[in-house]
>>> print(open('query-v3.txt').read())   # compact mmCIF, C-alpha atoms
# COMPACT_ATOMS: atom_id res chain seq x y z
CA MET A 13 12.69 -8.28 46.69
CA LYS A 14 12.63 -11.39 44.47
CA ARG A 15 12.34 -14.73 46.19
CA ARG A 16 15.40 -16.99 46.31
CA VAL A 17 15.20 -20.48 44.83
CA VAL A 18 17.19 -23.47 46.06
CA ILE A 19 17.70 -27.09 44.99
CA THR A 20 16.72 -29.48 47.79
CA GLY A 21 16.29 -32.79 45.99
CA ILE A 22 17.77 -34.58 42.99
CA GLY A 23 16.46 -37.63 41.17
CA ALA A 24 18.55 -39.03 38.34
CA LEU A 25 18.31 -42.05 36.05
CA THR A 26 21.31 -42.19 33.73
CA PRO A 27 23.42 -44.80 31.92
CA ILE A 28 26.18 -44.37 34.56
CA GLY A 29 24.04 -44.53 37.68
CA PHE A 30 20.78 -43.85 39.49
CA GLY A 31 20.12 -41.30 42.22
CA VAL A 32 22.60 -38.80 43.63
CA ASP A 33 25.14 -41.35 44.80
CA GLY A 34 24.81 -43.59 41.75
CA LEU A 35 25.28 -40.68 39.36
CA TRP A 36 28.19 -39.33 41.36
CA ASP A 37 29.91 -42.71 41.64
CA GLY A 38 29.55 -43.11 37.88
CA LEU A 39 31.13 -39.71 37.29
CA LEU A 40 34.03 -40.44 39.62
CA ALA A 41 34.63 -43.86 38.05
CA GLY A 42 35.29 -42.10 34.74
CA ARG A 43 34.14 -45.02 32.57
CA SER A 44 32.03 -44.38 29.52
CA ALA A 45 28.66 -46.15 29.30
CA ILE A 46 28.66 -45.87 25.50
CA ARG A 47 28.37 -49.24 23.75
CA GLN A 48 27.05 -50.86 20.59
CA VAL A 49 23.27 -50.48 20.44
CA THR A 50 21.44 -53.54 21.79
CA ARG A 51 17.79 -52.41 21.56
CA PHE A 52 17.65 -52.92 17.79
CA ASP A 53 19.87 -53.73 14.83
CA ALA A 54 21.75 -50.54 14.00
CA SER A 55 24.07 -52.09 11.40
CA ALA A 56 22.31 -50.35 8.51
CA PHE A 57 23.02 -46.93 9.98
CA ARG A 58 26.13 -44.78 9.82
CA SER A 59 26.26 -44.76 13.63
CA HIS A 60 25.93 -47.91 15.75
CA LEU A 61 26.47 -46.52 19.25
CA ALA A 62 24.37 -45.39 22.19
CA ALA A 63 24.44 -45.12 25.98
CA GLU A 64 21.58 -47.29 27.21
CA ILE A 65 20.20 -47.52 30.73
CA SER A 66 20.38 -51.05 32.08
CA GLY A 67 19.14 -52.50 35.34
CA PHE A 68 16.28 -50.03 35.65
CA ASP A 69 12.97 -51.31 37.02
CA GLY A 70 10.20 -48.78 37.48
CA GLN A 71 8.65 -50.99 40.15
CA ASP A 72 11.52 -49.99 42.44
CA TYR A 73 10.01 -46.48 42.50
CA ILE A 74 6.27 -46.77 41.93
CA PRO A 75 3.61 -49.51 42.18
CA SER A 76 3.84 -52.16 39.47
CA ARG A 77 0.39 -51.32 38.09
CA ASP A 78 1.47 -47.72 37.47
CA ALA A 79 4.80 -48.78 36.02
CA ARG A 80 3.14 -51.13 33.53
CA ARG A 81 0.78 -48.48 32.13
CA LEU A 82 3.53 -46.01 31.19
CA ASP A 83 5.85 -45.90 28.21
CA ARG A 84 9.57 -45.64 28.93
CA TYR A 85 9.75 -41.86 28.50
CA ALA A 86 7.01 -41.10 31.04
CA LEU A 87 8.24 -43.87 33.34
CA LEU A 88 11.76 -42.44 33.51
CA ALA A 89 10.36 -38.97 34.23
CA LEU A 90 7.98 -40.14 36.94
CA CYS A 91 10.55 -42.34 38.67
CA ALA A 92 13.12 -39.52 38.64
CA ALA A 93 10.52 -37.20 40.17
CA VAL A 94 9.62 -39.69 42.91
CA SER A 95 13.33 -40.16 43.61
CA ALA A 96 13.85 -36.38 43.80
CA VAL A 97 11.00 -35.90 46.29
CA ASP A 98 12.38 -38.72 48.41
CA ASP A 99 15.88 -37.22 48.27
CA ALA A 100 14.46 -33.86 49.36
CA ARG A 101 12.66 -35.53 52.29
CA LEU A 102 9.67 -33.49 51.22
CA ASP A 103 6.34 -34.54 52.71
CA LEU A 104 3.97 -33.43 50.01
CA SER A 105 0.98 -33.96 52.29
CA SER A 106 2.25 -31.09 54.43
CA VAL A 107 2.36 -28.65 51.50
CA PRO A 108 -0.74 -27.18 49.79
CA SER A 109 -0.89 -29.12 46.52
CA CYS A 110 -1.89 -25.99 44.60
CA THR A 111 1.52 -24.47 45.42
CA VAL A 112 3.54 -27.37 43.96
CA GLY A 113 4.20 -27.28 40.23
CA VAL A 114 5.88 -29.34 37.54
CA SER A 115 8.15 -28.17 34.72
CA LEU A 116 9.45 -30.92 32.42
CA GLY A 117 11.31 -30.80 29.13
CA SER A 118 11.78 -33.38 26.40
CA ALA A 119 12.95 -33.11 22.82
CA LEU A 120 10.97 -36.08 21.52
CA GLY A 121 8.52 -37.13 24.24
CA GLY A 122 6.91 -40.52 23.54
CA ILE A 123 8.18 -40.83 19.99
CA ALA A 124 9.91 -44.19 20.52
CA PHE A 125 6.73 -45.71 21.94
CA ALA A 126 4.75 -44.32 19.00
CA GLU A 127 7.28 -45.84 16.61
CA ASN A 128 6.93 -49.20 18.32
CA GLN A 129 3.15 -49.00 18.17
CA HIS A 130 3.23 -48.10 14.48
CA THR A 131 5.14 -51.32 13.81
CA THR A 132 2.46 -53.21 15.73
CA PHE A 133 -0.27 -51.42 13.78
CA LEU A 134 1.24 -52.45 10.45
CA ALA A 135 1.41 -56.07 11.60
CA GLU A 136 -1.86 -56.40 13.53
CA GLY A 137 -4.02 -53.39 12.77
CA MET A 138 -5.68 -51.30 15.46
CA ARG A 139 -6.54 -54.34 17.56
CA GLY A 140 -2.86 -54.66 18.47
CA VAL A 141 -2.28 -51.00 19.38
CA ALA A 142 -2.01 -50.07 23.06
CA PRO A 143 -5.02 -47.98 24.17
CA MET A 144 -2.65 -45.63 26.03
CA LEU A 145 -0.98 -44.52 22.78
CA ALA A 146 -3.08 -41.36 22.41
CA ILE A 147 -2.12 -40.12 25.87
CA ALA A 148 1.51 -41.21 25.75
CA VAL A 149 2.94 -39.53 22.67
CA TYR A 150 2.64 -35.86 23.53
CA GLY A 151 5.49 -33.99 25.19
CA GLY A 152 3.48 -33.07 28.26
CA ALA A 153 2.73 -36.68 29.20
CA SER A 154 5.61 -36.84 31.64
CA GLY A 155 4.58 -33.79 33.64
CA ALA A 156 0.94 -34.84 33.59
CA ASN A 157 1.81 -38.27 34.98
CA ILE A 158 3.99 -36.72 37.70
CA ALA A 159 1.19 -34.36 38.75
CA LEU A 160 -1.38 -37.15 38.66
CA HIS A 161 0.73 -39.62 40.62
CA LEU A 162 1.78 -37.12 43.30
CA GLY A 163 -1.45 -35.12 43.42
CA LEU A 164 0.08 -31.79 42.41
CA ARG A 165 -2.31 -29.00 41.41
CA GLY A 166 0.13 -26.17 40.77
CA PRO A 167 1.36 -24.99 37.33
CA ASN A 168 2.29 -27.81 34.95
CA LEU A 169 4.58 -26.70 32.14
CA ALA A 170 5.96 -28.80 29.30
CA ASN A 171 8.51 -27.60 26.75
CA SER A 172 10.11 -29.21 23.73
CA ASN A 173 13.06 -26.94 23.05
CA SER A 174 15.16 -29.75 21.59
CA CYS A 175 18.36 -30.46 23.54
CA ALA A 176 17.93 -27.37 25.72
CA SER A 177 14.58 -28.60 27.06
CA GLY A 178 15.78 -29.78 30.47
CA ALA A 179 17.63 -26.54 31.18
CA VAL A 180 14.67 -24.46 29.99
CA ALA A 181 12.37 -26.47 32.28
CA ILE A 182 14.57 -25.70 35.30
CA GLY A 183 14.88 -22.05 34.34
CA GLU A 184 11.14 -21.64 33.90
CA ALA A 185 10.55 -23.38 37.25
CA PHE A 186 12.96 -20.91 38.83
CA GLU A 187 10.91 -18.06 37.39
CA MET A 188 7.63 -19.64 38.57
CA ILE A 189 8.82 -19.61 42.15
CA ARG A 190 10.30 -16.11 41.94
CA ARG A 191 7.03 -14.64 40.69
CA GLN A 192 5.05 -16.63 43.31
CA ASP A 193 3.19 -18.90 40.89
CA ALA A 194 4.42 -21.81 43.04
CA ASN A 195 6.48 -22.46 46.16
CA VAL A 196 7.88 -25.83 45.04
CA VAL A 197 8.45 -27.08 41.48
CA LEU A 198 9.64 -30.48 40.29
CA ALA A 199 11.75 -29.53 37.29
CA GLY A 200 13.92 -31.36 34.80
CA GLY A 201 13.88 -33.45 31.65
CA ALA A 202 13.36 -36.95 30.35
CA GLU A 203 14.19 -38.72 27.10
CA ALA A 204 13.80 -42.26 25.75
CA PRO A 205 14.68 -41.96 22.04
CA LEU A 206 16.35 -45.32 21.38
CA ALA A 207 14.20 -46.75 18.60
CA PRO A 208 15.36 -47.52 15.05
CA LEU A 209 13.56 -44.86 13.00
CA THR A 210 14.26 -42.10 15.53
CA PHE A 211 17.89 -43.15 15.91
CA GLY A 212 18.27 -43.56 12.16
CA ALA A 213 16.94 -40.05 11.51
CA PHE A 214 19.78 -38.53 13.54
CA SER A 215 22.28 -40.86 11.89
CA LEU A 216 20.96 -39.80 8.49
CA ILE A 217 21.90 -36.15 9.05
CA LYS A 218 25.39 -37.23 10.23
CA SER A 219 25.09 -35.55 13.61
CA MET A 220 26.20 -38.66 15.53
CA SER A 221 29.66 -40.14 15.89
CA ALA A 222 30.65 -42.90 13.47
CA ARG A 223 33.56 -44.10 15.63
CA ASN A 224 31.85 -47.49 15.80
CA ASN A 225 34.97 -49.56 16.44
CA ASP A 226 35.85 -47.69 19.63
CA PRO A 227 32.59 -46.96 21.50
CA ALA A 228 34.07 -45.73 24.76
CA ALA A 229 36.13 -43.14 22.88
CA ALA A 230 33.38 -42.06 20.46
CA CYS A 231 32.13 -38.96 22.25
CA ARG A 232 35.02 -36.49 22.37
CA PRO A 233 33.99 -33.08 23.74
CA PHE A 234 36.34 -30.28 22.62
CA ASP A 235 38.83 -32.79 21.20
CA VAL A 236 40.46 -32.05 17.86
CA ASP A 237 39.17 -35.40 16.51
CA ARG A 238 35.52 -35.05 17.60
CA ASP A 239 33.04 -36.27 14.97
CA GLY A 240 29.58 -36.11 16.53
CA PHE A 241 27.44 -36.90 19.55
CA VAL A 242 26.31 -40.27 20.89
CA MET A 243 22.61 -40.66 21.66
CA SER A 244 21.49 -41.80 25.10
CA GLU A 245 18.42 -41.95 27.31
CA GLY A 246 17.79 -40.73 30.82
CA ALA A 247 15.98 -38.40 33.17
CA ALA A 248 16.80 -35.94 35.92
CA VAL A 249 14.36 -34.03 38.12
CA LEU A 250 15.29 -31.38 40.68
CA VAL A 251 13.16 -30.20 43.58
CA LEU A 252 13.24 -26.41 43.52
CA GLU A 253 11.92 -24.58 46.58
CA GLU A 254 11.55 -21.07 47.85
CA ARG A 255 14.57 -20.71 50.11
CA GLU A 256 12.92 -19.46 53.31
CA ALA A 257 10.34 -22.24 53.26
CA ALA A 258 13.08 -24.81 52.66
CA LEU A 259 15.07 -23.47 55.61
CA ARG A 260 12.00 -23.52 57.85
CA ARG A 261 11.42 -27.21 57.21
CA GLY A 262 15.10 -27.99 57.77
CA ALA A 263 15.76 -29.06 54.20
CA ARG A 264 19.21 -30.05 53.04
CA ILE A 265 20.15 -27.56 50.30
CA TYR A 266 22.50 -28.59 47.49
CA ALA A 267 22.78 -25.24 45.74
CA GLU A 268 20.90 -22.10 44.75
CA VAL A 269 19.61 -21.21 41.28
CA LEU A 270 20.61 -17.61 40.68
CA GLY A 271 20.12 -16.81 37.01
CA TYR A 272 18.52 -18.11 33.82
CA ALA A 273 18.18 -16.94 30.24
CA HIS A 274 16.94 -18.34 26.95
CA THR A 275 17.72 -16.95 23.47
CA ASN A 276 17.54 -18.12 19.87
CA ASP A 277 20.06 -17.99 17.03
CA ALA A 278 17.48 -17.61 14.22
CA TYR A 279 20.21 -18.96 11.96
CA HIS A 280 19.79 -22.65 10.98
CA MET A 281 17.77 -25.69 12.04
CA THR A 282 20.77 -27.87 12.90
CA ALA A 283 23.91 -25.70 12.83
CA PRO A 284 24.64 -23.18 15.58
CA ARG A 285 25.39 -19.56 14.76
CA PRO A 286 29.16 -19.87 14.08
CA ASP A 287 30.23 -16.94 16.23
CA GLY A 288 28.15 -18.12 19.19
CA SER A 289 26.82 -14.60 19.68
CA GLU A 290 23.30 -15.55 20.76
CA ALA A 291 24.57 -18.30 23.04
CA ALA A 292 26.87 -15.69 24.55
CA ARG A 293 23.93 -13.35 25.02
CA ALA A 294 22.08 -16.06 26.95
CA VAL A 295 25.06 -16.39 29.29
CA CYS A 296 25.30 -12.61 29.73
CA LEU A 297 21.59 -12.32 30.49
CA ALA A 298 21.76 -15.15 33.02
CA LEU A 299 24.72 -13.47 34.73
CA HIS A 300 22.88 -10.15 34.78
CA GLY A 301 19.86 -11.82 36.33
CA ALA A 302 22.10 -13.34 38.98
CA CYS A 303 23.72 -9.93 39.66
CA LEU A 304 27.13 -11.43 38.90
CA ALA A 305 30.06 -10.44 36.73
CA PRO A 306 31.84 -12.81 34.31
CA ARG A 307 34.84 -12.96 36.67
CA ASP A 308 32.59 -14.51 39.36
CA ILE A 309 32.12 -17.76 37.42
CA GLY A 310 34.52 -20.39 38.70
CA TYR A 311 33.47 -23.37 36.59
CA VAL A 312 31.39 -24.25 33.52
CA ASN A 313 29.65 -27.53 32.75
CA ALA A 314 29.29 -27.14 29.00
CA HIS A 315 26.76 -28.59 26.57
CA ALA A 316 29.76 -30.02 24.69
CA THR A 317 28.18 -32.81 22.65
CA GLY A 318 31.34 -33.52 20.66
CA THR A 319 30.10 -32.15 17.32
CA PRO A 320 32.62 -30.16 15.29
CA LEU A 321 30.43 -27.08 14.84
CA GLY A 322 28.64 -27.16 18.18
CA ASP A 323 31.72 -27.33 20.39
CA ALA A 324 33.44 -24.59 18.37
CA ALA A 325 30.47 -22.22 18.62
CA GLU A 326 30.11 -22.91 22.34
CA ALA A 327 33.76 -22.16 23.02
CA LEU A 328 33.45 -18.85 21.16
CA ALA A 329 30.27 -18.06 23.08
CA LEU A 330 32.02 -18.62 26.41
CA ARG A 331 34.95 -16.47 25.28
CA THR A 332 32.58 -13.68 24.26
CA ALA A 333 30.44 -13.83 27.40
CA LEU A 334 33.21 -14.30 29.95
CA GLY A 335 35.79 -12.09 28.28
CA PRO A 336 39.58 -12.60 28.39
CA ASP A 337 39.31 -14.58 31.64
CA ALA A 338 37.41 -17.32 29.78
CA GLU A 339 40.72 -18.98 28.95
CA HIS A 340 41.30 -19.51 32.67
CA VAL A 341 37.82 -20.69 33.69
CA PRO A 342 37.74 -24.51 33.91
CA VAL A 343 35.22 -26.09 31.53
CA SER A 344 34.03 -29.70 31.53
CA GLY A 345 32.07 -31.65 28.96
CA THR A 346 30.64 -34.70 30.73
CA LYS A 347 28.61 -36.32 27.94
CA ALA A 348 31.51 -38.61 27.02
CA LEU A 349 30.49 -40.62 30.10
CA TYR A 350 26.72 -40.95 29.64
CA GLY A 351 26.03 -39.78 26.10
CA HIS A 352 23.62 -37.11 24.92
CA ALA A 353 20.14 -37.65 26.35
CA LEU A 354 18.77 -34.83 24.20
CA GLY A 355 16.11 -32.95 26.21
CA ALA A 356 17.18 -34.57 29.48
CA SER A 357 20.82 -33.51 29.17
CA GLY A 358 20.45 -29.99 30.56
CA ALA A 359 18.71 -31.37 33.64
CA ILE A 360 21.34 -34.07 34.17
CA GLU A 361 24.08 -31.46 33.91
CA ALA A 362 22.32 -29.06 36.28
CA ALA A 363 22.16 -31.95 38.76
CA ILE A 364 25.90 -32.58 38.28
CA LEU A 365 26.58 -28.89 38.85
CA ALA A 366 24.53 -28.78 42.04
CA ILE A 367 26.22 -31.86 43.49
CA GLY A 368 29.64 -30.55 42.46
CA LEU A 369 29.05 -27.22 44.18
CA ASP A 370 27.95 -29.08 47.30
CA ARG A 371 30.90 -31.49 47.34
CA GLY A 372 33.66 -29.26 46.03
CA PHE A 373 34.53 -31.45 43.05
CA PHE A 374 33.69 -31.28 39.35
CA PRO A 375 34.06 -34.16 36.88
CA GLY A 376 36.48 -33.87 34.00
CA THR A 377 36.25 -34.33 30.25
CA LEU A 378 36.78 -37.89 29.11
CA ASN A 379 38.34 -38.44 25.66
CA CYS A 380 39.59 -34.89 25.21
CA ASP A 381 43.06 -36.30 24.54
CA THR A 382 44.10 -33.43 22.29
CA PRO A 383 42.13 -30.27 23.06
CA ASP A 384 41.30 -28.39 19.88
CA PRO A 385 43.86 -25.54 19.79
CA ASN A 386 41.33 -23.31 18.02
CA LEU A 387 38.98 -23.29 21.00
CA PRO A 388 39.73 -20.46 23.48
CA ILE A 389 38.77 -22.32 26.67
CA GLN A 390 40.50 -24.29 29.44
CA VAL A 391 39.21 -27.86 29.33
CA VAL A 392 39.26 -29.83 32.58
CA GLY A 393 41.15 -33.10 32.14
CA LYS A 394 39.56 -36.47 32.80
CA ALA A 395 40.80 -36.52 36.42
CA GLY A 396 38.35 -33.73 37.28
CA LEU A 397 38.70 -30.63 39.39
CA ALA A 398 38.81 -30.56 43.19
CA ARG A 399 37.96 -26.97 44.00
CA ARG A 400 35.47 -24.98 46.06
CA VAL A 401 33.63 -22.74 43.63
CA ASN A 402 31.11 -20.09 44.58
CA TYR A 403 29.31 -19.72 41.26
CA ALA A 404 29.08 -22.00 38.25
CA LEU A 405 27.45 -22.00 34.83
CA SER A 406 25.64 -24.65 32.80
CA THR A 407 24.93 -24.17 29.10
CA SER A 408 22.50 -26.07 26.86
CA PHE A 409 21.74 -25.72 23.16
CA GLY A 410 19.35 -27.35 20.71
CA PHE A 411 18.13 -27.68 17.14
CA GLY A 412 16.52 -24.55 15.79
CA GLY A 413 19.15 -22.42 17.49
CA THR A 414 17.77 -22.48 21.02
CA ASN A 415 20.23 -21.47 23.76
CA ALA A 416 19.78 -21.74 27.53
CA ALA A 417 22.06 -20.77 30.40
CA LEU A 418 21.73 -21.48 34.13
CA VAL A 419 23.82 -19.83 36.86
CA ILE A 420 23.96 -21.86 40.06
CA GLY A 421 25.70 -20.95 43.31
CA ARG A 422 26.80 -22.62 46.52
CA ALA A 423 24.12 -23.06 49.15
CA ASP A 424 26.05 -21.36 51.95
CA LEU A 425 26.59 -17.97 50.28
>>> encode(input="query-v3.txt", output="structure tokens")
Amino acid sequence: MKRRVVITGIGALTPIGFGVDGLWDGLLAGRSAIRQVTRFDASAFRSHLAAEISGFDGQDYIPSRDARRLDRYALLALCAAVSAVDDARLDLSSVPSCTVGVSLGSALGGIAFAENQHTTFLAEGMRGVAPMLAIAVYGGASGANIALHLGLRGPNLANSNSCASGAVAIGEAFEMIRRQDANVVLAGGAEAPLAPLTFGAFSLIKSMSARNNDPAAACRPFDVDRDGFVMSEGAAVLVLEEREAALRRGARIYAEVLGYAHTNDAYHMTAPRPDGSEAARAVCLALHGACLAPRDIGYVNAHATGTPLGDAAEALALRTALGPDAEHVPVSGTKALYGHALGASGAIEAAILAIGLDRGFFPGTLNCDTPDPNLPIQVVGKAGLARRVNYALSTSFGFGGTNAALVIGRADL
């Protein structure tokens, strides 16, 4: 019999709030954190908007010496992990360190720090470059710093599956525990991409919204007038544990991870397969792994970035995977509130799903003023959905055609 895997801790750093309560309060407030970019001059770009994290100080989570030696990407990841462990009330000294793993995803890793250091190099030569650059730019830096800081000797997995990275990290952590590679895994994603060249590259391919005169309304999941995503930064880490061990230590359980799957479109580097068939297959495989039928899903937190092609393909994928009942399953796209944190998004949305299952409420879809009539799904309005749901689905997709699906259920089932 396969081991059951539960979520016992959540650490989140997002533009709308920090920690479980901060994130949840930000969702309930229903106010977008999307603004004009302040980190650099974006006036030369097609898109001028982002959702930035403000008021974050790493020294609130870790010693100042450690905070100062990390770039923003690794710092967000480590602080989210520390917050998650604290939320789980998990005493790591009481657990064999070789049984605790890390699984972190990021689309771009330390690219913004590398960009900053390149500017310094051009101005000052190598004497001005931070010595930590070589160990900060690779995608696994976040997981390595988490393991180092917390003394974890279990499996340490990094993935860079574009905007599906956070969901893939959680899914792979789920599999680690089920096959007994670890008993506890800190899993999630982190992203800190707000630097001019990186931002400009996405603006160049016209993937981001150009609704610059109305920032709060720029990200419009499933709306007929959607025109692209809005970049953001953030991190979310979940503590996943083997269920029986969590129960023995008296852990508070938010939800249970039941199914995971990961497929690829093999179609185009930036555009999704139009019929959503491979995304649908990921959902079907995740449901099969969870031993559930499509009719069992009571809510979907969608990837829903607000791009014309992406939202359309996702809606078709849900219709294919869930069948005729898809039109009656409530679907939210929550990125209009906190933007698209690329590889961290799937982890943030898994956290939202777990909290929603625990509290019996799911946030709505801001800015979907006129749902696209060509999309065969039921979009939850901005007021949200107060409903007890047994099983819910989270979908995440990324460049290169990567698709990931997570099925999460209530803790008391």
>>> closest_residue(input="query-v3.txt", among="A:Phe52, A:Phe30, A:Tyr403, A:Tyr272", to="Ser95 (chain A)", atoms="only C-alpha atoms")
A:Phe30
>>> closest_atom_pairs(input="query-v3.txt", of="region 258-360 of chain A", to="region 230-242 of chain A", cutoff="10 Å", atoms="only C-alpha atoms", output="JSON lines")
{"residue": "A:Ala314", "atom": "CA", "partner": "A:Pro233", "partner_atom": "CA", "distance": 9.2}
{"residue": "A:His315", "atom": "CA", "partner": "A:Pro233", "partner_atom": "CA", "distance": 9.0}
{"residue": "A:Ala316", "atom": "CA", "partner": "A:Pro233", "partner_atom": "CA", "distance": 5.3}
{"residue": "A:Thr317", "atom": "CA", "partner": "A:Phe241", "partner_atom": "CA", "distance": 5.2}
{"residue": "A:Gly318", "atom": "CA", "partner": "A:Pro233", "partner_atom": "CA", "distance": 4.1}
{"residue": "A:Thr319", "atom": "CA", "partner": "A:Gly240", "partner_atom": "CA", "distance": 4.1}
{"residue": "A:Pro320", "atom": "CA", "partner": "A:Asp239", "partner_atom": "CA", "distance": 6.1}
{"residue": "A:Leu321", "atom": "CA", "partner": "A:Gly240", "partner_atom": "CA", "distance": 9.2}
{"residue": "A:Gly322", "atom": "CA", "partner": "A:Gly240", "partner_atom": "CA", "distance": 9.1}
{"residue": "A:Asp323", "atom": "CA", "partner": "A:Phe234", "partner_atom": "CA", "distance": 5.9}
{"residue": "A:Ala324", "atom": "CA", "partner": "A:Phe234", "partner_atom": "CA", "distance": 7.7}
{"residue": "A:Glu326", "atom": "CA", "partner": "A:Phe234", "partner_atom": "CA", "distance": 9.7}
{"residue": "A:Ala327", "atom": "CA", "partner": "A:Phe234", "partner_atom": "CA", "distance": 8.5}
{"residue": "A:Val343", "atom": "CA", "partner": "A:Phe234", "partner_atom": "CA", "distance": 9.9}
{"residue": "A:Ser344", "atom": "CA", "partner": "A:Pro233", "partner_atom": "CA", "distance": 8.5}
{"residue": "A:Gly345", "atom": "CA", "partner": "A:Pro233", "partner_atom": "CA", "distance": 5.7}
{"residue": "A:Thr346", "atom": "CA", "partner": "A:Pro233", "partner_atom": "CA", "distance": 7.9}
{"residue": "A:Lys347", "atom": "CA", "partner": "A:Cys231", "partner_atom": "CA", "distance": 7.2}
{"residue": "A:Ala348", "atom": "CA", "partner": "A:Cys231", "partner_atom": "CA", "distance": 4.8}
{"residue": "A:Leu349", "atom": "CA", "partner": "A:Cys231", "partner_atom": "CA", "distance": 8.2}
{"residue": "A:Tyr350", "atom": "CA", "partner": "A:Val242", "partner_atom": "CA", "distance": 8.8}
{"residue": "A:Gly351", "atom": "CA", "partner": "A:Val242", "partner_atom": "CA", "distance": 5.2}
{"residue": "A:His352", "atom": "CA", "partner": "A:Val242", "partner_atom": "CA", "distance": 5.8}
{"residue": "A:Ala353", "atom": "CA", "partner": "A:Val242", "partner_atom": "CA", "distance": 8.6}
{"residue": "A:Leu354", "atom": "CA", "partner": "A:Val242", "partner_atom": "CA", "distance": 9.9}
>>> write_last_selection(input="query-v3.txt", atoms="C-alpha atoms", output="short mmCIF file (atom, residue, chain, number, x, y, z; two decimals), in the coordinates of the input")
data_model
loop_
_atom_site.label_atom_id
_atom_site.label_comp_id
_atom_site.auth_asym_id
_atom_site.auth_seq_id
_atom_site.Cartn_x
_atom_site.Cartn_y
_atom_site.Cartn_z
CA ALA A 314 29.29 -27.14 29.00
CA HIS A 315 26.76 -28.59 26.57
CA ALA A 316 29.76 -30.02 24.69
CA THR A 317 28.18 -32.81 22.65
CA GLY A 318 31.34 -33.52 20.66
CA THR A 319 30.10 -32.15 17.32
CA PRO A 320 32.62 -30.16 15.29
CA LEU A 321 30.43 -27.08 14.84
CA GLY A 322 28.64 -27.16 18.18
CA ASP A 323 31.72 -27.33 20.39
CA ALA A 324 33.44 -24.59 18.37
CA GLU A 326 30.11 -22.91 22.34
CA ALA A 327 33.76 -22.16 23.02
CA VAL A 343 35.22 -26.09 31.53
CA SER A 344 34.03 -29.70 31.53
CA GLY A 345 32.07 -31.65 28.96
CA THR A 346 30.64 -34.70 30.73
CA LYS A 347 28.61 -36.32 27.94
CA ALA A 348 31.51 -38.61 27.02
CA LEU A 349 30.49 -40.62 30.10
CA TYR A 350 26.72 -40.95 29.64
CA GLY A 351 26.03 -39.78 26.10
CA HIS A 352 23.62 -37.11 24.92
CA ALA A 353 20.14 -37.65 26.35
CA LEU A 354 18.77 -34.83 24.20
#
>>> atom_distance(input="query-v3.txt", atom1="CA of Leu104 (chain A)", atom2="CA of Leu270 (chain A)")
24.8 Å
>>> closest_residue(input="query-v3.txt", among="A:Pro205, A:Gly246, A:Gly200, A:Gly396", to="Gly29 (chain A)", atoms="all atoms listed in the file")
A:Gly246
>>> residues_near_point(input="query-v3.txt", point="(0.7, -26.9, 43.8)", cutoff="10 Å", atoms="only C-alpha atoms", output="PyMOL selection string")
chain A and resi 104+107-114+159+163-168+193-197
>>> closest_residue(input="query-v3.txt", among="A:Gly368, A:Gly140, A:Gly358, A:Gly335", to="Cys296 (chain A)", atoms="all atoms listed in the file")
A:Gly335
>>> atom_distance(input="query-v3.txt", atom1="CA of Glu245 (chain A)", atom2="CA of Glu187 (chain A)")
27.0 Å
>>> atom_distance(input="query-v3.txt", atom1="CA of Tyr311 (chain A)", atom2="CA of Asp384 (chain A)")
19.1 Å
>>> residues_around(input="query-v3.txt", residues="Asp308 (chain A)", least_positions_apart="2", cutoff="9 Å", atoms="only C-alpha atoms", output="PyMOL selection string")
chain A and resi 304-306+310+402-404
>>> closest_residue(input="query-v3.txt", among="A:Ile123, A:Leu405, A:Leu418, A:Val295", to="Gly183 (chain A)", atoms="all atoms listed in the file")
A:Leu418
>>> decode(input="query-v3.txt", residues="region 135-152 of chain A", atoms="C-alpha atoms", output="compact mmCIF listing (two decimals), in the first residue's frame")
# COMPACT_ATOMS: atom_id res chain seq x y z
CA ALA A 135 31.63 49.16 -15.02
CA GLU A 136 34.28 47.88 -12.60
CA GLY A 137 35.71 44.65 -13.97
CA MET A 138 36.04 41.49 -11.90
CA ARG A 139 37.11 43.41 -8.80
CA GLY A 140 33.53 44.65 -8.42
CA VAL A 141 31.82 41.27 -8.88
CA ALA A 142 30.40 39.52 -5.81
CA PRO A 143 32.40 36.35 -4.99
CA MET A 144 29.12 34.49 -4.42
CA LEU A 145 28.08 34.89 -8.07
CA ALA A 146 29.32 31.45 -9.14
CA ILE A 147 27.24 29.70 -6.48
CA ALA A 148 24.16 31.90 -6.80
CA VAL A 149 23.16 31.67 -10.45
CA TYR A 150 22.28 28.01 -10.82
CA GLY A 151 18.73 26.79 -10.34
CA GLY A 152 19.60 24.47 -7.47
